[in-house]
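Below is structure-v5.json, holding JSON, C-alpha atoms.
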[["chain", "number", "residue", "atom", "x", "y", "z"],
["A", 1, "MET", "CA", 93.39, 96.08, 112.95],
["A", 2, "GLU", "CA", 95.99, 94.46, 110.67],
["A", 3, "LYS", "CA", 95.12, 94.05, 106.98],
["A", 4, "GLY", "CA", 95.28, 90.26, 107.21],
["A", 5, "GLU", "CA", 92.95, 90.22, 110.21],
["A", 6, "GLN", "CA", 90.54, 92.55, 108.45],
["A", 7, "VAL", "CA", 90.40, 90.37, 105.32],
["A", 8, "GLU", "CA", 89.95, 87.30, 107.51],
["A", 9, "LYS", "CA", 87.04, 88.99, 109.31],
["A", 10, "TRP", "CA", 85.41, 89.91, 105.99],
["A", 11, "SER", "CA", 85.92, 86.38, 104.67],
["A", 12, "GLY", "CA", 84.21, 85.00, 107.76],
["A", 13, "MET", "CA", 81.29, 87.33, 107.22],
["A", 14, "LEU", "CA", 80.98, 86.25, 103.56],
["A", 15, "ASN", "CA", 81.09, 82.59, 104.61],
["A", 16, "GLY", "CA", 78.35, 83.35, 107.13],
["A", 17, "VAL", "CA", 76.18, 84.84, 104.38],
["A", 18, "ALA", "CA", 76.74, 81.80, 102.15],
["A", 19, "LYS", "CA", 75.94, 79.37, 104.96],
["A", 20, "GLY", "CA", 72.93, 81.39, 106.04],
["A", 21, "MET", "CA", 71.58, 81.53, 102.51],
["A", 22, "SER", "CA", 72.02, 77.78, 102.12],
["A", 23, "GLU", "CA", 70.07, 77.19, 105.35],
["A", 24, "TRP", "CA", 67.43, 79.74, 104.34],
["A", 25, "ARG", "CA", 66.97, 78.03, 100.98],
["A", 26, "GLN", "CA", 66.45, 74.65, 102.67],
["A", 27, "GLU", "CA", 63.79, 76.25, 104.87],
["A", 28, "ASN", "CA", 62.20, 77.98, 101.85],
["A", 29, "PRO", "CA", 62.33, 75.44, 99.01],
["A", 30, "LYS", "CA", 59.50, 77.10, 97.08],
["A", 31, "ALA", "CA", 60.95, 80.61, 97.23],
["A", 32, "THR", "CA", 60.83, 82.52, 93.99],
["A", 33, "LEU", "CA", 63.88, 84.04, 92.37],
["A", 34, "ARG", "CA", 62.71, 87.44, 93.58],
["A", 35, "GLU", "CA", 62.41, 86.16, 97.18],
["A", 36, "ILE", "CA", 65.86, 84.56, 97.02],
["A", 37, "GLU", "CA", 67.32, 87.78, 95.67],
["A", 38, "LYS", "CA", 65.59, 89.87, 98.33],
["A", 39, "GLU", "CA", 66.94, 87.64, 101.12],
["A", 40, "MET", "CA", 70.43, 87.70, 99.62],
["A", 41, "ASP", "CA", 70.36, 91.50, 99.30],
["A", 42, "LYS", "CA", 69.33, 91.84, 102.95],
["A", 43, "ARG", "CA", 72.21, 89.66, 104.13],
["A", 44, "TRP", "CA", 74.73, 91.15, 101.71],
["A", 45, "ALA", "CA", 73.83, 94.74, 102.71],
["A", 46, "ASN", "CA", 75.04, 94.06, 106.25],
["A", 47, "VAL", "CA", 78.41, 92.71, 105.11],
["A", 48, "ARG", "CA", 78.79, 95.53, 102.59],
["A", 49, "ALA", "CA", 78.14, 98.13, 105.30],
["A", 50, "ARG", "CA", 80.78, 96.58, 107.57],
["A", 51, "VAL", "CA", 83.41, 96.52, 104.82],
["A", 52, "VAL", "CA", 82.61, 100.10, 103.78],
["A", 53, "THR", "CA", 82.82, 101.26, 107.41],
["A", 54, "ASP", "CA", 86.16, 99.51, 107.95],
["A", 55, "LEU", "CA", 87.61, 101.04, 104.78],
["A", 56, "ALA", "CA", 86.30, 104.52, 105.59],
["A", 57, "VAL", "CA", 87.78, 104.42, 109.09],
["A", 58, "GLU", "CA", 91.21, 103.74, 107.54],
["A", 59, "SER", "CA", 91.04, 107.03, 105.64],
["A", 60, "LYS", "CA", 93.24, 109.96, 106.68],
["A", 61, "ALA", "CA", 90.08, 112.08, 106.52],
["A", 62, "GLY", "CA", 89.00, 110.51, 109.80],
["A", 63, "ASP", "CA", 91.63, 112.47, 111.73],
["A", 64, "TRP", "CA", 93.14, 115.26, 109.65],
["A", 65, "LYS", "CA", 93.98, 117.54, 112.56],
["A", 66, "GLU", "CA", 97.66, 116.56, 112.21],
["A", 67, "ALA", "CA", 97.62, 116.42, 108.38],
["A", 68, "SER", "CA", 100.76, 117.53, 106.62],
["A", 69, "ARG", "CA", 100.77, 120.73, 104.61],
["A", 70, "GLY", "CA", 98.73, 120.46, 101.46],
["A", 71, "GLU", "CA", 96.67, 117.53, 102.75],
["A", 72, "GLU", "CA", 94.33, 119.57, 104.93],
["A", 73, "PRO", "CA", 90.68, 119.49, 103.81],
["A", 74, "VAL", "CA", 89.22, 122.66, 102.36],
["A", 75, "CYS", "CA", 85.76, 124.20, 102.35],
["A", 76, "PRO", "CA", 83.80, 123.05, 99.30],
["A", 77, "GLU", "CA", 82.25, 126.53, 99.03],
["A", 78, "CYS", "CA", 85.26, 128.88, 99.20],
["A", 79, "GLY", "CA", 88.38, 126.69, 99.27],
["A", 80, "THR", "CA", 89.60, 127.91, 102.68],
["A", 81, "LYS", "CA", 91.38, 125.30, 104.82],
["A", 82, "LEU", "CA", 89.03, 123.94, 107.46],
["A", 83, "LYS", "CA", 89.78, 124.37, 111.14],
["A", 84, "ALA", "CA", 89.43, 121.22, 113.26],
["A", 85, "GLU", "CA", 86.80, 121.80, 115.88],
["A", 86, "GLY", "CA", 85.47, 119.76, 118.76],
["A", 87, "GLY", "CA", 87.61, 116.67, 118.20],
["A", 88, "LYS", "CA", 86.12, 113.61, 116.58],
["A", 89, "LYS", "CA", 82.37, 113.30, 116.31],
["A", 90, "LYS", "CA", 80.16, 110.43, 115.26],
["A", 91, "ARG", "CA", 78.63, 110.70, 111.84],
["A", 92, "ARG", "CA", 75.70, 108.53, 110.88],
["A", 93, "LEU", "CA", 75.25, 107.69, 107.22],
["A", 94, "GLN", "CA", 73.14, 105.28, 105.25],
["A", 95, "THR", "CA", 74.43, 102.99, 102.51],
["A", 96, "GLN", "CA", 72.67, 102.53, 99.20],
["A", 97, "GLY", "CA", 71.47, 99.22, 100.62],
["A", 98, "GLY", "CA", 69.76, 100.98, 103.53],
["A", 99, "GLU", "CA", 72.23, 99.95, 106.25],
["A", 100, "GLU", "CA", 73.37, 102.51, 108.80],
["A", 101, "LEU", "CA", 77.07, 103.32, 109.11],
["A", 102, "VAL", "CA", 78.55, 105.09, 112.12],
["A", 103, "LEU", "CA", 81.90, 106.74, 111.48],
["A", 104, "GLU", "CA", 83.95, 108.63, 114.02],
["A", 105, "ARG", "CA", 85.60, 111.51, 112.19],
["A", 106, "GLN", "CA", 87.21, 114.88, 112.73],
["A", 107, "TYR", "CA", 84.73, 117.72, 112.24],
["A", 108, "GLY", "CA", 85.84, 120.98, 110.69],
["A", 109, "VAL", "CA", 84.57, 124.54, 110.41],
["A", 110, "CYS", "CA", 85.39, 127.01, 107.66],
["A", 111, "PRO", "CA", 86.80, 130.18, 109.25],
["A", 112, "THR", "CA", 85.54, 132.20, 106.25],
["A", 113, "CYS", "CA", 82.04, 130.79, 105.55],
["A", 114, "LYS", "CA", 81.43, 129.43, 109.07],
["A", 115, "GLY", "CA", 80.05, 126.20, 107.56],
["A", 116, "GLY", "CA", 80.69, 122.92, 109.35],
["A", 117, "PHE", "CA", 81.77, 119.78, 107.53],
["A", 118, "PHE", "CA", 82.88, 116.20, 107.85],
["A", 119, "PRO", "CA", 85.50, 116.20, 105.08],
["A", 120, "PRO", "CA", 85.08, 113.46, 102.49],
["A", 121, "GLY", "CA", 87.47, 110.59, 102.07]]
Spit out the file's structure as structure tokens when you get a sec.
Amino acid sequence: MEKGEQVEKWSGMLNGVAKGMSEWRQENPKATLREIEKEMDKRWANVRARVVTDLAVESKAGDWKEASRGEEPVCPECGTKLKAEGGKKKRRLQTQGGEELVLERQYGVCPTCKGGFFPPG
């Protein structure tokens, strides 16, 4: 996806949150500040998760099998360069806001320690 399209998508999502909150507030005129904040956090967490996912997918760490020399991920335990294994795999993570992210990333195994990792980035 092009950068401009991505920003446009995110803007649309933010506008949707604003519109949804306005409608929610009209339906809940006696809501407390805590209730308003809770509803906003719930809606914002979804947008935040989408933006984080989109940015993470852009990372070179998602497919480092063809990384140039010096850019290959290394084992956090022993520093050995990881060996790409099994192609891309889905990795499920949870944001601080409790939303689930699903990233498709290259999986690697350390030939020395035999540990398996989804490299960060």
Notebook entry, point to check: Which residue gives the smallest distance to Lys83 of chain A among A:Lys38, A:Arg105, A:Lys30, A:Lys114, with all atoms listed in the file counted?
Noted result: A:Lys114
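When all atoms listed in the file are used to measure the gap to Gly115 of chain A, the shortest distance among A:Gln26, A:Thr53, A:Thr80, A:Gln6 belongs to A:Thr80.
In this comparison, which uses all atoms listed in the file, the residue of A:Asn15, A:Pro29, A:Asn46, A:Ile36 approaching Thr95 of chain A most closely is A:Asn46.
Proximity ranking of A:Gly16, A:Val7, A:Gly108, A:Leu55 relative to Met40 of chain A places A:Gly16 first, based on all atoms listed in the file.
From atom CA of Glu99 of chain A back to atom CA of Leu14 of chain A, the distance works out to 16.5 Å.
Here atom CA of Lys90 of chain A and atom CA of Leu103 of chain A stand 5.6 Å from one another.
The gap separating atom CA of Val102 of chain A from atom CA of Lys81 of chain A is 25.0 Å, in Å to one decimal.
Proximity ranking of A:Arg50, A:Arg34, A:Lys9, A:Lys89 relative to Gly116 of chain A places A:Lys89 first, based on all atoms listed in the file.
Each of A:Pro73, A:Gly79, A:Gly98, A:Gly4 was compared to Arg43 of chain A using only C-alpha atoms, and A:Gly98 turns out to be the nearest.
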Next item on the list: Please write as number ranges by chain the list of polymer residues whose atoms come within 12 Å of (83.3, 100.6, 101.9), counting all atoms listed in the file and keeping to the coordinates of the file.
Entry: A: 10, 45-59, 93-97, 99, 101, 103, 121
Those residues you just picked out, can you put them in a file as a compact mmCIF listing (two decimals), in the frame of the given file with C-alpha atoms?
# COMPACT_ATOMS: atom_id res chain seq x y z
CA TRP A 10 85.41 89.91 105.99
CA ALA A 45 73.83 94.74 102.71
CA ASN A 46 75.04 94.06 106.25
CA VAL A 47 78.41 92.71 105.11
CA ARG A 48 78.79 95.53 102.59
CA ALA A 49 78.14 98.13 105.30
CA ARG A 50 80.78 96.58 107.57
CA VAL A 51 83.41 96.52 104.82
CA VAL A 52 82.61 100.10 103.78
CA THR A 53 82.82 101.26 107.41
CA ASP A 54 86.16 99.51 107.95
CA LEU A 55 87.61 101.04 104.78
CA ALA A 56 86.30 104.52 105.59
CA VAL A 57 87.78 104.42 109.09
CA GLU A 58 91.21 103.74 107.54
CA SER A 59 91.04 107.03 105.64
CA LEU A 93 75.25 107.69 107.22
CA GLN A 94 73.14 105.28 105.25
CA THR A 95 74.43 102.99 102.51
CA GLN A 96 72.67 102.53 99.20
CA GLY A 97 71.47 99.22 100.62
CA GLU A 99 72.23 99.95 106.25
CA LEU A 101 77.07 103.32 109.11
CA LEU A 103 81.90 106.74 111.48
CA GLY A 121 87.47 110.59 102.07
If I wrap all listed atoms of segment 77-93 of chain A in a box with edges along x, y and z and add 3 Å on each side, what are its centre and edge lengths in Å to one decimal, as JSON?
{"center_x": 83.3, "center_y": 118.3, "center_z": 108.9, "size_x": 22.1, "size_y": 27.2, "size_z": 25.7}
